[in-house]
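Pasted below: start-v9.tsv, TSV, C-alpha atoms.
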chain	number	residue	atom	x	y	z
A	1	MET	CA	175.92	0.15	152.93
A	2	ASN	CA	173.09	2.66	152.72
A	3	ASP	CA	175.20	5.73	151.94
A	4	VAL	CA	176.81	4.49	148.71
A	5	PRO	CA	176.61	7.41	146.25
A	6	LEU	CA	175.10	7.47	142.80
A	7	SER	CA	177.68	7.17	140.05
A	8	THR	CA	176.34	10.04	137.91
A	9	SER	CA	178.50	12.84	139.33
A	10	PRO	CA	180.86	14.39	136.73
A	11	TRP	CA	183.90	13.71	138.92
A	12	LEU	CA	183.15	9.97	138.81
A	13	VAL	CA	183.18	9.79	134.99
A	14	PRO	CA	186.86	8.69	134.83
A	15	PHE	CA	185.94	5.68	136.97
A	16	SER	CA	183.19	4.38	134.71
A	17	PRO	CA	182.09	1.68	134.12
A	18	LEU	CA	183.84	0.23	137.19
A	19	ALA	CA	182.28	2.55	139.78
A	20	PRO	CA	178.60	1.72	139.09
A	21	ARG	CA	179.29	-2.01	139.38
A	22	ILE	CA	181.21	-1.65	142.64
A	23	PHE	CA	178.67	0.73	144.15
A	24	ALA	CA	175.80	-1.61	143.29
A	25	ALA	CA	177.62	-4.56	144.84
A	26	ALA	CA	178.48	-2.56	147.97
A	27	ARG	CA	174.80	-1.76	148.54
A	28	ALA	CA	174.07	-5.49	148.79
A	29	GLN	CA	177.31	-6.83	150.29
A	30	SER	CA	180.29	-5.68	152.29
A	31	VAL	CA	182.83	-3.31	150.76
A	32	VAL	CA	185.51	-6.03	150.94
A	33	VAL	CA	183.35	-8.46	148.96
A	34	ALA	CA	182.35	-5.82	146.41
A	35	LEU	CA	185.96	-4.79	145.78
A	36	ASN	CA	187.28	-8.35	145.55
A	37	GLU	CA	184.55	-9.29	143.08
A	38	ALA	CA	185.65	-6.39	140.88
A	39	GLN	CA	189.30	-7.36	141.40
A	40	ARG	CA	188.67	-10.81	139.96
A	41	GLN	CA	187.50	-9.18	136.72
A	42	ILE	CA	190.52	-6.87	136.45
A	43	PRO	CA	193.44	-8.60	138.21
A	44	GLY	CA	195.63	-6.17	140.10
A	45	PRO	CA	198.47	-6.05	142.63
A	46	VAL	CA	196.38	-6.31	145.82
A	47	ARG	CA	193.35	-7.93	147.36
A	48	PHE	CA	191.08	-6.49	150.01
A	49	VAL	CA	190.72	-7.89	153.52
A	50	GLU	CA	188.74	-6.98	156.60
A	51	HIS	CA	190.38	-4.24	158.64
A	52	SER	CA	190.66	-6.65	161.58
A	53	ALA	CA	193.45	-8.43	159.68
A	54	LEU	CA	195.72	-5.47	160.46
A	55	ALA	CA	197.53	-5.97	163.75
A	56	ALA	CA	197.65	-2.95	166.04
A	57	THR	CA	201.45	-3.19	166.10
A	58	GLU	CA	201.97	-2.93	162.31
A	59	PRO	CA	201.57	0.29	160.32
A	60	TYR	CA	198.86	0.20	157.66
A	61	GLU	CA	201.26	1.02	154.80
A	62	SER	CA	203.80	-1.59	155.94
A	63	PHE	CA	201.10	-4.27	156.09
A	64	ILE	CA	200.04	-3.56	152.49
A	65	ALA	CA	203.63	-3.60	151.25
A	66	ARG	CA	204.36	-6.88	153.07
A	67	THR	CA	201.17	-8.81	152.29
A	68	GLY	CA	199.66	-7.27	149.16
A	69	CYS	CA	196.41	-6.91	151.12
A	70	VAL	CA	194.52	-3.69	151.80
A	71	PRO	CA	192.72	-3.58	155.18
A	72	THR	CA	189.24	-2.28	154.43
A	73	ARG	CA	186.36	-1.06	156.57
A	74	ASP	CA	182.73	-1.04	155.55
A	75	ASN	CA	182.51	2.68	154.86
A	76	LEU	CA	182.62	5.22	152.04
A	77	HIS	CA	186.20	6.26	152.71
A	78	ASP	CA	187.53	2.76	152.16
A	79	LEU	CA	185.13	2.08	149.29
A	80	PHE	CA	186.64	5.01	147.39
A	81	ASN	CA	190.13	3.91	148.36
A	82	GLY	CA	189.43	0.53	146.77
A	83	LEU	CA	188.00	2.15	143.65
A	84	VAL	CA	191.24	4.09	143.19
A	85	TRP	CA	193.34	0.97	143.82
A	86	LEU	CA	191.44	-0.80	141.05
A	87	THR	CA	191.73	2.12	138.62
A	88	TYR	CA	195.26	3.38	139.37
A	89	PRO	CA	197.02	0.30	140.77
A	90	GLN	CA	200.56	1.28	139.71
A	91	THR	CA	200.18	4.74	141.20
A	92	LYS	CA	198.78	3.39	144.45
A	93	ARG	CA	201.52	0.77	144.63
A	94	ARG	CA	204.15	3.48	144.09
A	95	LEU	CA	202.68	5.61	146.88
A	96	ASN	CA	202.56	2.61	149.19
A	97	SER	CA	206.13	1.54	148.41
A	98	LEU	CA	207.48	5.01	149.18
A	99	GLN	CA	205.47	5.17	152.42
A	100	ALA	CA	206.67	1.74	153.53
A	101	GLU	CA	210.29	2.66	152.73
A	102	GLN	CA	210.03	5.81	154.83
A	103	ILE	CA	208.49	3.91	157.74
A	104	ALA	CA	211.23	1.26	157.57
A	105	LEU	CA	213.86	4.00	157.48
A	106	LEU	CA	212.50	6.43	160.06
A	107	GLY	CA	209.90	4.51	162.06
A	108	THR	CA	206.58	5.96	163.18
A	109	SER	CA	207.40	7.44	166.58
A	110	GLY	CA	208.83	10.75	165.36
A	111	PRO	CA	207.73	13.42	162.87
A	112	ARG	CA	206.40	12.08	159.59
A	113	GLY	CA	208.76	14.20	157.52
A	114	PRO	CA	208.09	16.11	154.28
A	115	LEU	CA	208.03	13.08	151.99
A	116	ARG	CA	205.51	11.10	154.03
A	117	ASP	CA	203.39	14.23	154.42
A	118	ALA	CA	203.37	14.72	150.64
A	119	LEU	CA	202.57	11.05	150.02
A	120	THR	CA	199.63	11.18	152.42
A	121	LEU	CA	198.39	14.40	150.86
A	122	PHE	CA	198.52	12.87	147.40
A	123	ASP	CA	196.81	9.67	148.50
A	124	GLU	CA	194.02	11.43	150.38
A	125	ASN	CA	193.38	14.70	148.57
A	126	ALA	CA	195.05	14.85	145.15
A	127	ALA	CA	193.44	15.57	141.82
A	128	ILE	CA	195.40	14.92	138.62
A	129	LEU	CA	195.17	17.55	135.89
A	130	ARG	CA	196.07	17.57	132.22
A	131	ALA	CA	195.11	20.92	130.73
A	132	PRO	CA	196.02	23.55	128.14
A	133	PRO	CA	198.91	25.81	129.21
A	134	GLU	CA	196.67	28.84	129.68
A	135	LEU	CA	194.62	26.99	132.30
A	136	VAL	CA	197.65	25.69	134.15
A	137	ASP	CA	199.17	29.17	134.18
A	138	ALA	CA	195.97	30.71	135.55
A	139	LEU	CA	195.80	28.00	138.23
A	140	ARG	CA	199.41	28.59	139.26
A	141	ARG	CA	198.74	32.30	139.58
A	142	ARG	CA	195.37	31.75	141.30
A	143	GLU	CA	193.73	33.99	138.74
A	144	TRP	CA	190.33	32.46	139.33
A	145	HIS	CA	188.28	34.62	136.95
A	146	ARG	CA	190.70	33.89	134.12
A	147	LEU	CA	190.75	30.19	135.04
A	148	PHE	CA	187.00	29.69	135.30
A	149	LEU	CA	185.43	32.52	133.27
A	150	THR	CA	187.75	34.06	130.67
A	151	GLN	CA	189.16	30.62	129.77
A	152	ARG	CA	185.98	28.71	130.53
A	153	ASN	CA	185.81	27.07	127.12
A	154	SER	CA	189.37	25.76	127.51
A	155	TRP	CA	188.11	23.33	130.14
A	156	GLN	CA	186.63	21.28	127.29
A	157	ALA	CA	190.23	20.36	126.40
A	158	ALA	CA	191.19	19.61	130.01
A	159	GLN	CA	190.91	16.43	132.06
A	160	LEU	CA	190.74	16.46	135.84
A	161	VAL	CA	190.74	13.15	137.71
A	162	ILE	CA	189.93	13.02	141.41
A	163	PHE	CA	192.50	10.66	142.92
A	164	GLY	CA	192.33	11.23	146.67
A	165	HIS	CA	189.76	8.99	148.31
A	166	ALA	CA	189.16	11.43	151.18
A	167	LEU	CA	188.48	14.10	148.56
A	168	MET	CA	185.97	11.78	146.90
A	169	GLU	CA	184.20	11.29	150.20
A	170	LYS	CA	183.94	15.06	150.70
A	171	LEU	CA	182.42	15.49	147.25
A	172	THR	CA	179.46	13.29	148.15
A	173	GLN	CA	178.30	16.29	150.21
A	174	PRO	CA	179.27	19.15	147.89
A	175	ARG	CA	180.17	22.58	149.21
A	176	LYS	CA	181.99	25.42	147.52
A	177	ALA	CA	185.10	25.35	149.73
A	178	ILE	CA	186.19	21.76	148.94
A	179	THR	CA	189.75	22.14	147.68
A	180	ALA	CA	191.96	19.60	145.91
A	181	HIS	CA	195.73	19.49	145.80
A	182	VAL	CA	196.29	19.39	142.05
A	183	TRP	CA	199.13	17.44	140.47
A	184	VAL	CA	199.78	18.60	136.89
A	185	THR	CA	200.87	15.99	134.35
A	186	ASP	CA	200.88	15.43	130.60
A	187	ASP	CA	199.99	11.75	130.98
A	188	LEU	CA	196.89	10.68	132.89
A	189	SER	CA	197.54	6.96	132.44
A	190	ASP	CA	198.26	4.90	135.52
A	191	ALA	CA	201.86	4.26	134.47
A	192	GLY	CA	202.32	7.90	133.51
A	193	VAL	CA	201.13	9.25	136.86
A	194	ALA	CA	203.16	6.67	138.80
A	195	ALA	CA	206.29	7.75	136.93
A	196	THR	CA	205.88	11.34	138.15
A	197	LEU	CA	205.94	10.30	141.82
A	198	THR	CA	209.57	10.99	142.54
A	199	SER	CA	210.77	11.91	146.01
A	200	SER	CA	212.18	15.19	144.76
A	201	ARG	CA	208.97	16.36	143.14
A	202	LEU	CA	206.80	15.22	146.02
A	203	THR	CA	208.83	17.16	148.56
A	204	ALA	CA	209.08	20.26	146.34
A	205	LYS	CA	205.51	21.35	147.16
A	206	SER	CA	204.34	20.82	143.58
A	207	PHE	CA	200.64	20.77	144.47
A	208	LEU	CA	198.35	23.57	143.31
A	209	PRO	CA	195.17	24.37	145.29
A	210	LEU	CA	191.93	24.16	143.32
A	211	PRO	CA	188.35	24.59	144.60
A	212	VAL	CA	187.15	21.70	142.46
A	213	LEU	CA	183.45	22.57	142.42
A	214	GLY	CA	184.37	25.67	140.45
A	215	VAL	CA	185.20	23.45	137.47
A	216	PRO	CA	182.67	24.14	134.68
A	217	GLY	CA	180.04	21.42	134.49
A	218	TRP	CA	180.90	19.92	137.87
A	219	TRP	CA	178.37	21.79	140.02
A	220	GLU	CA	175.29	23.69	138.92
A	221	PRO	CA	175.76	26.63	141.35
A	222	ASN	CA	178.95	27.70	139.55
A	223	GLU	CA	176.79	28.86	136.65
A	224	GLU	CA	175.35	31.60	138.84
A	225	PRO	CA	176.64	35.19	138.58
A	226	GLY	CA	179.06	36.06	141.36
A	227	PHE	CA	179.91	32.44	142.25
A	228	TYR	CA	183.64	33.09	141.83
A	229	ASP	CA	183.59	36.41	143.71
A	230	ASP	CA	183.77	34.65	147.07
A	231	VAL	CA	187.31	35.52	148.21
A	232	GLN	CA	186.99	33.21	151.21
A	233	VAL	CA	187.14	30.33	148.71
A	234	PHE	CA	188.73	31.79	145.58
A	235	ARG	CA	191.63	33.47	147.33
A	236	PRO	CA	194.13	35.53	145.33
A	237	GLU	CA	197.77	34.55	145.14
A	238	ARG	CA	199.45	35.83	148.30
A	239	SER	CA	201.82	38.29	146.66
A	240	ALA	CA	198.95	39.75	144.62
A	241	ALA	CA	196.84	40.11	147.76
A	242	ARG	CA	199.38	42.26	149.60
A	243	PRO	CA	198.76	46.01	149.45
A	244	GLN	CA	201.40	48.00	147.57
A	245	SER	CA	203.69	50.06	149.83
Entire entry expressed as structure tokens:
Amino acid sequence: MNDVPLSTSPWLVPFSPLAPRIFAAARAQSVVVALNEAQRQIPGPVRFVEHSALAATEPYESFIARTGCVPTRDNLHDLFNGLVWLTYPQTKRRLNSLQAEQIALLGTSGPRGPLRDALTLFDENAAILRAPPELVDALRRREWHRLFLTQRNSWQAAQLVIFGHALMEKLTQPRKAITAHVWVTDDLSDAGVAATLTSSRLTAKSFLPLPVLGVPGWWEPNEEPGFYDDVQVFRPERSAARPQS
């Protein structure tokens, strides 16, 4: 692959030293080979197979649950998916098990339903946050200046892990509007995150929107005056945005 990113971006730090090794291997070999080579060094619950192994009649999530194999294409999207599988295997397995259960229960011909929607959103676009209470409160209220400027130093005590592989792919071409669905937790370990993935919490709309390139140290442009004044990106909380009658 020629478009494999460098592994120096701040949002890739939680995936070191695994990411540099996988990225280097993927530049010389297929994504499937690169991921399986890494898998042999850190045994996990799945192996990676060519996407052609997935029959057109079987849902992707059901195939993984049944076989323990992840169909993988030779592209960035699936490269990042594999990186997350290798780093957060229990969390990915939990997401997959819930998806497969819903497919077995409801099939795939009708609406996906709120739980499957939430599972897909987590898998594709979630970021996991452990942060001081003042940051979490500012994020919940969408008080962007307090979150990123007044409390800027508090980010040194925070940890934000990009989990969604589609979100990772977007970040290879950074732009201010890229927004994560943040999942707040006190435990960033694989087992800790997996334990939070209950059906009730997933369907309760527990995600918080965060323009991730506003995080201090993640993108040089956010050091510029006025960066956070863009209300098309840093939108106020809806109730606060309504004019008073």
TODO: Would you mind reading off the distance between atom CA of A:Pro111 and atom CA of A:Ala194, one decimal, in Å?
DONE: 25.4 Å
Task: From A:Val215, A:Ile128, A:Ala55, A:Ala104, residue lying nearest A:Gly192 [only C-alpha atoms] - done: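 Using only C-alpha atoms, the shortest distance to A:Gly192 belongs to A:Ile128.
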Task: Proximity to A:Val161 - best of A:Pro10, A:Ala177, A:Pro45, A:Val31, only C-alpha atoms - done: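 Ranking A:Pro10, A:Ala177, A:Pro45, A:Val31 by distance to A:Val161, first place goes to A:Pro10.
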Task: Top pick for closest residue to A:Gln39, considering A:Thr108, A:Val193, A:Pro89, A:Pro20 and counting only C-alpha atoms - done: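 The shortest atom-to-atom distance to A:Gln39 comes from A:Pro89.
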TODO: May I ask for the distance between atom CA of A:Gln156 and atom CA of A:Leu129, given in Å to one decimal place?
DONE: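 Distance reported for this atom pair: 12.7 Å.
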- [ ] Record the distance separating atom CA of A:Cys69 and atom CA of A:Leu171, expressed in Å with one decimal.
- [x]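 Calculated distance between atom CA of A:Cys69 and atom CA of A:Leu171 is 26.7 Å.
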- [ ] Find the residue from A:Glu143, A:Gly164, A:Lys170, A:Leu197 that sits nearest to A:Tyr228; use only C-alpha atoms when measuring.
- [x]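 With only C-alpha atoms as the atom set, the closest residue is A:Glu143.
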Start from the incomplete input, build N, CA and C atoms for stretch 133-159 of chain A, and deliver everything as a PDB file, in the frame of the given file.
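Contents of selection_16.pdb, freshly written:
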ATOM      1  N   PRO A 133     197.989  24.960 128.431  1.00  0.00           N
ATOM      2  CA  PRO A 133     198.910  25.810 129.210  1.00  0.00           C
ATOM      3  C   PRO A 133     198.258  27.027 129.832  1.00  0.00           C
ATOM      4  N   GLU A 134     197.281  27.628 129.130  1.00  0.00           N
ATOM      5  CA  GLU A 134     196.670  28.840 129.680  1.00  0.00           C
ATOM      6  C   GLU A 134     195.892  28.548 130.965  1.00  0.00           C
ATOM      7  N   LEU A 135     195.320  27.351 131.073  1.00  0.00           N
ATOM      8  CA  LEU A 135     194.620  26.990 132.300  1.00  0.00           C
ATOM      9  C   LEU A 135     195.606  26.712 133.433  1.00  0.00           C
ATOM     10  N   VAL A 136     196.659  25.987 133.125  1.00  0.00           N
ATOM     11  CA  VAL A 136     197.650  25.690 134.150  1.00  0.00           C
ATOM     12  C   VAL A 136     198.290  26.969 134.670  1.00  0.00           C
ATOM     13  N   ASP A 137     198.577  27.904 133.767  1.00  0.00           N
ATOM     14  CA  ASP A 137     199.170  29.170 134.180  1.00  0.00           C
ATOM     15  C   ASP A 137     198.222  29.951 135.092  1.00  0.00           C
ATOM     16  N   ALA A 138     196.950  30.001 134.720  1.00  0.00           N
ATOM     17  CA  ALA A 138     195.970  30.710 135.550  1.00  0.00           C
ATOM     18  C   ALA A 138     195.829  30.054 136.917  1.00  0.00           C
ATOM     19  N   LEU A 139     195.878  28.720 136.948  1.00  0.00           N
ATOM     20  CA  LEU A 139     195.800  28.000 138.230  1.00  0.00           C
ATOM     21  C   LEU A 139     197.020  28.306 139.084  1.00  0.00           C
ATOM     22  N   ARG A 140     198.196  28.293 138.495  1.00  0.00           N
ATOM     23  CA  ARG A 140     199.410  28.590 139.260  1.00  0.00           C
ATOM     24  C   ARG A 140     199.364  29.985 139.869  1.00  0.00           C
ATOM     25  N   ARG A 141     198.798  30.914 139.130  1.00  0.00           N
ATOM     26  CA  ARG A 141     198.740  32.300 139.580  1.00  0.00           C
ATOM     27  C   ARG A 141     197.510  32.583 140.458  1.00  0.00           C
ATOM     28  N   ARG A 142     196.635  31.591 140.576  1.00  0.00           N
ATOM     29  CA  ARG A 142     195.370  31.750 141.300  1.00  0.00           C
ATOM     30  C   ARG A 142     194.538  32.900 140.734  1.00  0.00           C
ATOM     31  N   GLU A 143     194.545  32.994 139.435  1.00  0.00           N
ATOM     32  CA  GLU A 143     193.730  33.990 138.740  1.00  0.00           C
ATOM     33  C   GLU A 143     192.396  33.308 138.407  1.00  0.00           C
ATOM     34  N   TRP A 144     191.525  33.291 139.394  1.00  0.00           N
ATOM     35  CA  TRP A 144     190.330  32.460 139.330  1.00  0.00           C
ATOM     36  C   TRP A 144     189.375  32.883 138.227  1.00  0.00           C
ATOM     37  N   HIS A 145     189.199  34.185 138.004  1.00  0.00           N
ATOM     38  CA  HIS A 145     188.280  34.620 136.950  1.00  0.00           C
ATOM     39  C   HIS A 145     188.814  34.230 135.576  1.00  0.00           C
ATOM     40  N   ARG A 146     190.118  34.339 135.397  1.00  0.00           N
ATOM     41  CA  ARG A 146     190.700  33.890 134.120  1.00  0.00           C
ATOM     42  C   ARG A 146     190.570  32.377 133.984  1.00  0.00           C
ATOM     43  N   LEU A 147     190.810  31.655 135.069  1.00  0.00           N
ATOM     44  CA  LEU A 147     190.750  30.190 135.040  1.00  0.00           C
ATOM     45  C   LEU A 147     189.349  29.682 134.714  1.00  0.00           C
ATOM     46  N   PHE A 148     188.347  30.254 135.382  1.00  0.00           N
ATOM     47  CA  PHE A 148     187.000  29.690 135.300  1.00  0.00           C
ATOM     48  C   PHE A 148     186.042  30.459 134.392  1.00  0.00           C
ATOM     49  N   LEU A 149     186.348  31.711 134.077  1.00  0.00           N
ATOM     50  CA  LEU A 149     185.430  32.520 133.270  1.00  0.00           C
ATOM     51  C   LEU A 149     186.039  32.900 131.924  1.00  0.00           C
ATOM     52  N   THR A 150     187.140  33.646 131.934  1.00  0.00           N
ATOM     53  CA  THR A 150     187.750  34.060 130.670  1.00  0.00           C
ATOM     54  C   THR A 150     188.141  32.844 129.824  1.00  0.00           C
ATOM     55  N   GLN A 151     188.721  31.834 130.477  1.00  0.00           N
ATOM     56  CA  GLN A 151     189.160  30.620 129.770  1.00  0.00           C
ATOM     57  C   GLN A 151     188.191  29.458 129.958  1.00  0.00           C
ATOM     58  N   ARG A 152     186.942  29.764 130.209  1.00  0.00           N
ATOM     59  CA  ARG A 152     185.980  28.710 130.530  1.00  0.00           C
ATOM     60  C   ARG A 152     185.895  27.637 129.452  1.00  0.00           C
ATOM     61  N   ASN A 153     185.920  28.052 128.199  1.00  0.00           N
ATOM     62  CA  ASN A 153     185.810  27.070 127.120  1.00  0.00           C
ATOM     63  C   ASN A 153     187.020  26.146 127.026  1.00  0.00           C
ATOM     64  N   SER A 154     188.158  26.591 127.566  1.00  0.00           N
ATOM     65  CA  SER A 154     189.370  25.760 127.510  1.00  0.00           C
ATOM     66  C   SER A 154     189.234  24.507 128.357  1.00  0.00           C
ATOM     67  N   TRP A 155     188.301  24.515 129.311  1.00  0.00           N
ATOM     68  CA  TRP A 155     188.110  23.330 130.140  1.00  0.00           C
ATOM     69  C   TRP A 155     187.612  22.130 129.328  1.00  0.00           C
ATOM     70  N   GLN A 156     187.070  22.399 128.134  1.00  0.00           N
ATOM     71  CA  GLN A 156     186.630  21.280 127.290  1.00  0.00           C
ATOM     72  C   GLN A 156     187.827  20.450 126.815  1.00  0.00           C
ATOM     73  N   ALA A 157     189.015  21.064 126.809  1.00  0.00           N
ATOM     74  CA  ALA A 157     190.230  20.360 126.400  1.00  0.00           C
ATOM     75  C   ALA A 157     191.031  19.857 127.592  1.00  0.00           C
ATOM     76  N   ALA A 158     190.488  20.029 128.793  1.00  0.00           N
ATOM     77  CA  ALA A 158     191.190  19.610 130.010  1.00  0.00           C
ATOM     78  C   ALA A 158     190.589  18.320 130.558  1.00  0.00           C
ATOM     79  N   GLN A 159     191.389  17.610 131.341  1.00  0.00           N
ATOM     80  CA  GLN A 159     190.910  16.430 132.060  1.00  0.00           C
ATOM     81  C   GLN A 159     191.389  16.531 133.508  1.00  0.00           C
TER      82      GLN A 159
END
